[in-house]
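Below is one structure, written out as structure tokens; the observations come after it.
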Amino acid sequence: MIYSLHKQELKVGMYVIMPAKWKHHPFLRSKFLITSEKHLEAILESSIETVQVDSTKSQASQDFQSITHPQKTTKTDERKENSFRSPPEDWNPEKMMTKELREVIHNDSLSPQKKAIAVYKQSITILDNVFKNPTTAVINECKGAIAEVTDLILHDEETSQNLLRITSHDFYTYTHSVNVGILSIYLAKRLYHNTRDHNLHELGAGFFLHDLGKIRVAPEILNKPARLTETEMKHMRIHPFQSFKILEETNNLSKECRVICMQHHEREDGHGYPRRLKGNDIHDYARICSIADVFDALTAERSYKRSLSPFKALSIMKEEMLGFFHKEIFENFVLLFTQNQLH
Ligand SMILES: [Fe+2]
């Protein structure tokens with residue numbers, strides 16, 4: 001049987017069939033058995049993203065049944081399998097969220113502005129903790145906390161507008177994750193309000209944890225105080241798949257959350273990564289996350305670039321990057337700022 005696998009899923013002992021002729025990849029033949037880690041490294045270093053694997057010619061120890069194939073699942077299938085019309089029975093944010101965050105969110109004496117600042121700080125602490133220690137228990141606790149923040153964004157308009165205003169412009173992975181999480185939930189609220197077809201409490205975790213795979217990127221690349229070289233970018237581009245893998249390994253977030261992780265760098269025109277998906281092959285939830293992700297990157301301060309104002313960032317996204325984003329979702333994103341006077 002022939003399987004289509006991302007290069008990150010390959011293992012020693014698999015018989016691979018390259019998608020291109022030998023002159024377009026670093027191997028002498030286009031079909032061969034992976035016999036060493038060096039083979040694997042060479043494939044990872046190459047520009048090839050997906051290869052086919054022949055299970056009949058692979059070594060018998062390979063467990064193909066356990067390999068997931070997100071690229072084989074259609075968007076319709078994913079939605080059918082994951083319709084979150086109601087929370088799962090064991091969903092209990094009261095049990096899972098941190099005591100501090102609970103106190104802040106339910107403190108009615110705080111002004112919307114003070115509550116937003118406190119919730120933002122708590123969220124950053126929680127994300128910082130997950131990035132340092134992404135165990136099943138910690139991710140579960142984080143999921144409960146995010147569900148509560150999501151609830152706040154859905155039901156407390158004044159506080160959530162304040163949350164959008166105070167998003168920090170420094171660029172630490174966990175600050176960025178909180179910003180993208182808040183922006184994405186706010187956009188999803190706009191797109192899906194009045195429907196019960198989307199469980200935003202569940203999706204919130206996917207939005208907040210979309211970059212979790214960066215913990216598997218070398219720190220010297222992740223924290224480099226300058227633009228990345230093309231080689232460094234190649235390493236950085238493993239993070240969507242690694243986010244997907246961590247959530248799969250810890251097995252406590254939905255398939256849709258994992259799709260957000262996997263596809264948040266895909267672009268409508270097919271110029272994204274890791275799979276160069278185009279148009280409707282990209283899930284709407286990932287489209288939401290990608291818009292929030294680019295916006296936050298543009299408005300963030302980095303050592304090699306100044307932060308842009310929200311207005312300037314939206315202008316650049318509209319004029320220079322429009323082919324990257326789903327038109328209607330992007331228009332709704334812009335309206336979040338123009339209608340709420342957030343620029
Ligand atoms: Fe990312």
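Each chain of the structure tokens is named A, B, ... in the order shown, its residues numbered from 1; ligands are numbered from 1 in display order.
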
Would you kindly return, as a PDB file with N, CA and C atoms, in the first residue's frame, each protein, DNA or RNA residue with an atom no farther than 6 Å from any atom of Asn162 (chain A), considering only C-alpha atoms and excluding same-chain residues fewer than 3 positions away?
ATOM      1  N   GLN A 113     -11.013  47.637  32.041  1.00  0.00           N
ATOM      2  CA  GLN A 113      -9.607  47.843  31.680  1.00  0.00           C
ATOM      3  C   GLN A 113      -8.675  47.064  32.617  1.00  0.00           C
ATOM      4  N   ALA A 116      -9.000  43.350  32.009  1.00  0.00           N
ATOM      5  CA  ALA A 116      -8.304  42.947  30.781  1.00  0.00           C
ATOM      6  C   ALA A 116      -6.803  42.821  31.042  1.00  0.00           C
ATOM      7  N   THR A 159     -14.610  44.225  28.227  1.00  0.00           N
ATOM      8  CA  THR A 159     -13.307  43.687  28.638  1.00  0.00           C
ATOM      9  C   THR A 159     -12.547  43.145  27.432  1.00  0.00           C
ATOM     10  N   ARG A 165      -6.870  45.997  22.889  1.00  0.00           N
ATOM     11  CA  ARG A 165      -6.073  47.234  22.924  1.00  0.00           C
ATOM     12  C   ARG A 165      -4.733  47.048  23.622  1.00  0.00           C
TER      13      ARG A 165
END

Hey, which bits of chain A sit within 12 Å of ligand 1, and for each residue what's the closest pair of atoms and how far apart in Å (one decimal), counting only C-alpha atoms and all ligand atoms, rows by chain and increasing number, as a tab-separated table?
residue	atom	partner	partner_atom_place_in_ligand_line	distance
A:Thr173	CA	ligand 1	1 (Fe)	9.3
A:Tyr174	CA	ligand 1	1 (Fe)	11.5
A:His176	CA	ligand 1	1 (Fe)	9.5
A:Ser177	CA	ligand 1	1 (Fe)	8.9
A:Val180	CA	ligand 1	1 (Fe)	9.9
A:Gly181	CA	ligand 1	1 (Fe)	12.0
A:Gly206	CA	ligand 1	1 (Fe)	11.9
A:Phe207	CA	ligand 1	1 (Fe)	10.5
A:Phe208	CA	ligand 1	1 (Fe)	10.9
A:Leu209	CA	ligand 1	1 (Fe)	9.6
A:His210	CA	ligand 1	1 (Fe)	6.5
A:Asp211	CA	ligand 1	1 (Fe)	4.8
A:Leu212	CA	ligand 1	1 (Fe)	8.4
A:Gly213	CA	ligand 1	1 (Fe)	8.4
A:Lys214	CA	ligand 1	1 (Fe)	7.8
A:Ile215	CA	ligand 1	1 (Fe)	11.5
A:Val217	CA	ligand 1	1 (Fe)	11.4
A:Leu222	CA	ligand 1	1 (Fe)	11.2
A:Met233	CA	ligand 1	1 (Fe)	11.6
A:Met236	CA	ligand 1	1 (Fe)	8.7
A:Arg237	CA	ligand 1	1 (Fe)	8.1
A:Ile238	CA	ligand 1	1 (Fe)	9.4
A:His239	CA	ligand 1	1 (Fe)	6.6
A:Pro240	CA	ligand 1	1 (Fe)	6.2
A:Phe241	CA	ligand 1	1 (Fe)	9.9
A:Gln242	CA	ligand 1	1 (Fe)	10.4
A:Ser243	CA	ligand 1	1 (Fe)	9.0
A:Phe244	CA	ligand 1	1 (Fe)	11.4
A:Ile260	CA	ligand 1	1 (Fe)	10.0
A:Cys261	CA	ligand 1	1 (Fe)	7.8
A:Met262	CA	ligand 1	1 (Fe)	9.0
A:Gln263	CA	ligand 1	1 (Fe)	9.1
A:His264	CA	ligand 1	1 (Fe)	6.4
A:His265	CA	ligand 1	1 (Fe)	6.3
A:Glu266	CA	ligand 1	1 (Fe)	10.0
A:Gly272	CA	ligand 1	1 (Fe)	11.2
A:Tyr273	CA	ligand 1	1 (Fe)	10.0
A:Pro274	CA	ligand 1	1 (Fe)	10.8
A:Ala286	CA	ligand 1	1 (Fe)	10.9
A:Cys289	CA	ligand 1	1 (Fe)	9.3
A:Ser290	CA	ligand 1	1 (Fe)	8.2
A:Ile291	CA	ligand 1	1 (Fe)	11.2
A:Ala292	CA	ligand 1	1 (Fe)	10.6
A:Asp293	CA	ligand 1	1 (Fe)	7.2
A:Val294	CA	ligand 1	1 (Fe)	9.1
A:Asp296	CA	ligand 1	1 (Fe)	11.0
A:Ala297	CA	ligand 1	1 (Fe)	9.8

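We find CA of Ala188 (chain A) and CA of Arg276 (chain A) to be spaced 23.7 Å apart.
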
Spatial neighbours of His39 (chain A), max dist 12 Å, only C-alpha atoms, sep filter under 2 positions, as a CSV table (one decimal) with C-alpha atoms, in the first residue's frame:
chain,number,residue,atom,x,y,z
A,7,LYS,CA,8.9,14.3,5.6
A,10,LEU,CA,9.6,9.4,7.9
A,11,LYS,CA,11.5,6.8,9.8
A,12,VAL,CA,14.5,4.5,9.1
A,13,GLY,CA,13.2,1.4,7.5
A,14,MET,CA,10.7,3.0,5.2
A,15,TYR,CA,10.8,2.6,1.5
A,16,VAL,CA,10.3,6.1,0.0
A,25,HIS,CA,16.6,16.0,-4.9
A,26,PRO,CA,19.9,15.0,-3.2
A,27,PHE,CA,19.6,11.2,-3.8
A,28,LEU,CA,20.9,9.1,-6.7
A,32,PHE,CA,15.0,3.7,-2.0
A,33,LEU,CA,14.9,2.3,1.5
A,34,ILE,CA,15.9,4.7,4.3
A,35,THR,CA,18.7,2.9,6.0
A,36,SER,CA,20.2,5.6,8.3
A,37,GLU,CA,19.5,8.8,10.2
A,41,GLU,CA,18.5,14.3,7.7
A,42,ALA,CA,19.1,14.7,4.0
A,43,ILE,CA,15.4,14.5,3.3
A,44,LEU,CA,14.6,17.0,6.0
A,45,GLU,CA,17.2,19.4,4.6
A,46,SER,CA,15.8,19.1,1.1

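For Ser254 (chain A), the residues within 10 Å (counting only C-alpha atoms, excluding itself and residues fewer than 4 positions away along the chain) are Asn82, Phe84, Glu202, Leu203, Ala205, Gly206, Leu247, Glu248, Arg258 and Val259 of chain A.
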
What would the file look like if the residues just selected were written as a PDB file, in the first residue's frame with C-alpha atoms?
ATOM      1  CA  ASN A  82     -15.599  17.151  14.802  1.00  0.00           C
ATOM      2  CA  PHE A  84     -18.687  20.522  18.512  1.00  0.00           C
ATOM      3  CA  GLU A 202     -12.389  24.173  22.244  1.00  0.00           C
ATOM      4  CA  LEU A 203     -10.927  26.118  19.315  1.00  0.00           C
ATOM      5  CA  ALA A 205      -6.914  26.242  22.775  1.00  0.00           C
ATOM      6  CA  GLY A 206      -5.866  25.629  19.166  1.00  0.00           C
ATOM      7  CA  LEU A 247      -1.006  17.909  20.609  1.00  0.00           C
ATOM      8  CA  GLU A 248      -1.311  14.473  19.045  1.00  0.00           C
ATOM      9  CA  ARG A 258      -4.373  20.193  15.530  1.00  0.00           C
ATOM     10  CA  VAL A 259      -5.400  21.380  12.053  1.00  0.00           C
TER      11      VAL A 259
END

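Take the candidates A:Leu253, A:Ser58, A:Thr167, A:Arg267 and check each one against Thr299 (chain A) using only C-alpha atoms; the shortest distance goes to A:Thr167.
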
(request) Would you kindly return, as a ChimeraX atom specification, each protein, DNA or RNA residue with an atom no farther than 9 Å from any atom of Lys115 (chain A), considering only C-alpha atoms and excluding same-chain residues fewer than 2 positions away? (result) /A:104-105,107-108,110-113,117-120,159,162-163

(message) Nearest residue to Arg287 (chain A) out of A:Glu141, A:Glu268, A:Glu301, A:Glu319, using only C-alpha atoms?
(response) A:Glu268

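You will find CA of Asp197 (chain A) at 24.3 Å from CA of Val178 (chain A).
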
(message) Quick check, in Å to one decimal: how far apart do CA of Tyr304 (chain A) and CA of Ile166 (chain A) lie?
(response) 22.6 Å

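Comparing A:Asn179, A:Thr338, A:Asn251, A:Thr231 by their smallest distance to Ile139 (chain A), the closest is A:Asn251 (using only C-alpha atoms).
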
Step one, run DSSP on the backbone; step two, keep only residues of region 142-200 of chain A assigned to alpha helix (DSSP H); then write them as a tab-separated table (two decimals) with C-alpha atoms, in the first residue's frame.
chain	number	residue	atom	x	y	z
A	142	CYS	CA	-4.12	25.48	30.03
A	143	LYS	CA	-7.10	24.31	27.97
A	144	GLY	CA	-9.42	24.95	30.91
A	145	ALA	CA	-7.97	28.42	31.43
A	146	ILE	CA	-8.27	29.30	27.74
A	147	ALA	CA	-11.89	28.14	27.75
A	148	GLU	CA	-12.55	30.65	30.51
A	149	VAL	CA	-10.75	33.46	28.65
A	150	THR	CA	-12.75	32.54	25.55
A	151	ASP	CA	-15.95	32.76	27.56
A	152	LEU	CA	-14.94	36.22	28.72
A	153	ILE	CA	-14.28	37.35	25.12
A	154	LEU	CA	-17.61	35.92	23.99
A	155	HIS	CA	-19.72	37.47	26.73
A	157	GLU	CA	-17.57	42.93	25.10
A	158	GLU	CA	-16.04	45.80	27.07
A	159	THR	CA	-13.31	43.69	28.64
A	160	SER	CA	-12.53	41.92	25.36
A	161	GLN	CA	-12.15	45.24	23.52
A	162	ASN	CA	-9.72	46.28	26.24
A	163	LEU	CA	-7.90	42.97	25.79
A	164	LEU	CA	-7.38	43.77	22.11
A	165	ARG	CA	-6.07	47.23	22.92
A	166	ILE	CA	-3.48	46.11	25.43
A	173	THR	CA	6.68	33.27	21.69
A	174	TYR	CA	4.21	33.14	24.57
A	175	THR	CA	3.23	36.84	24.26
A	176	HIS	CA	2.68	36.29	20.55
A	177	SER	CA	0.63	33.17	21.31
A	178	VAL	CA	-1.66	35.06	23.68
A	179	ASN	CA	-2.08	37.93	21.19
A	180	VAL	CA	-2.90	35.57	18.33
A	181	GLY	CA	-5.23	33.60	20.59
A	182	ILE	CA	-7.18	36.69	21.64
A	183	LEU	CA	-7.36	38.11	18.10
A	184	SER	CA	-8.44	34.76	16.62
A	185	ILE	CA	-11.19	34.18	19.18
A	186	TYR	CA	-12.43	37.72	18.68
A	187	LEU	CA	-12.52	37.20	14.90
A	188	ALA	CA	-14.19	33.78	15.27
A	189	LYS	CA	-16.78	35.39	17.54
A	190	ARG	CA	-17.58	37.87	14.78
A	191	LEU	CA	-17.76	35.18	12.09
A	192	TYR	CA	-19.67	32.56	14.04
A	200	LEU	CA	-15.07	28.32	20.33

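Distances to Arg227 (chain A) were evaluated for A:Phe325, A:Leu40, A:Lys305, A:Phe333 using only C-alpha atoms, and the minimum falls at A:Lys305.
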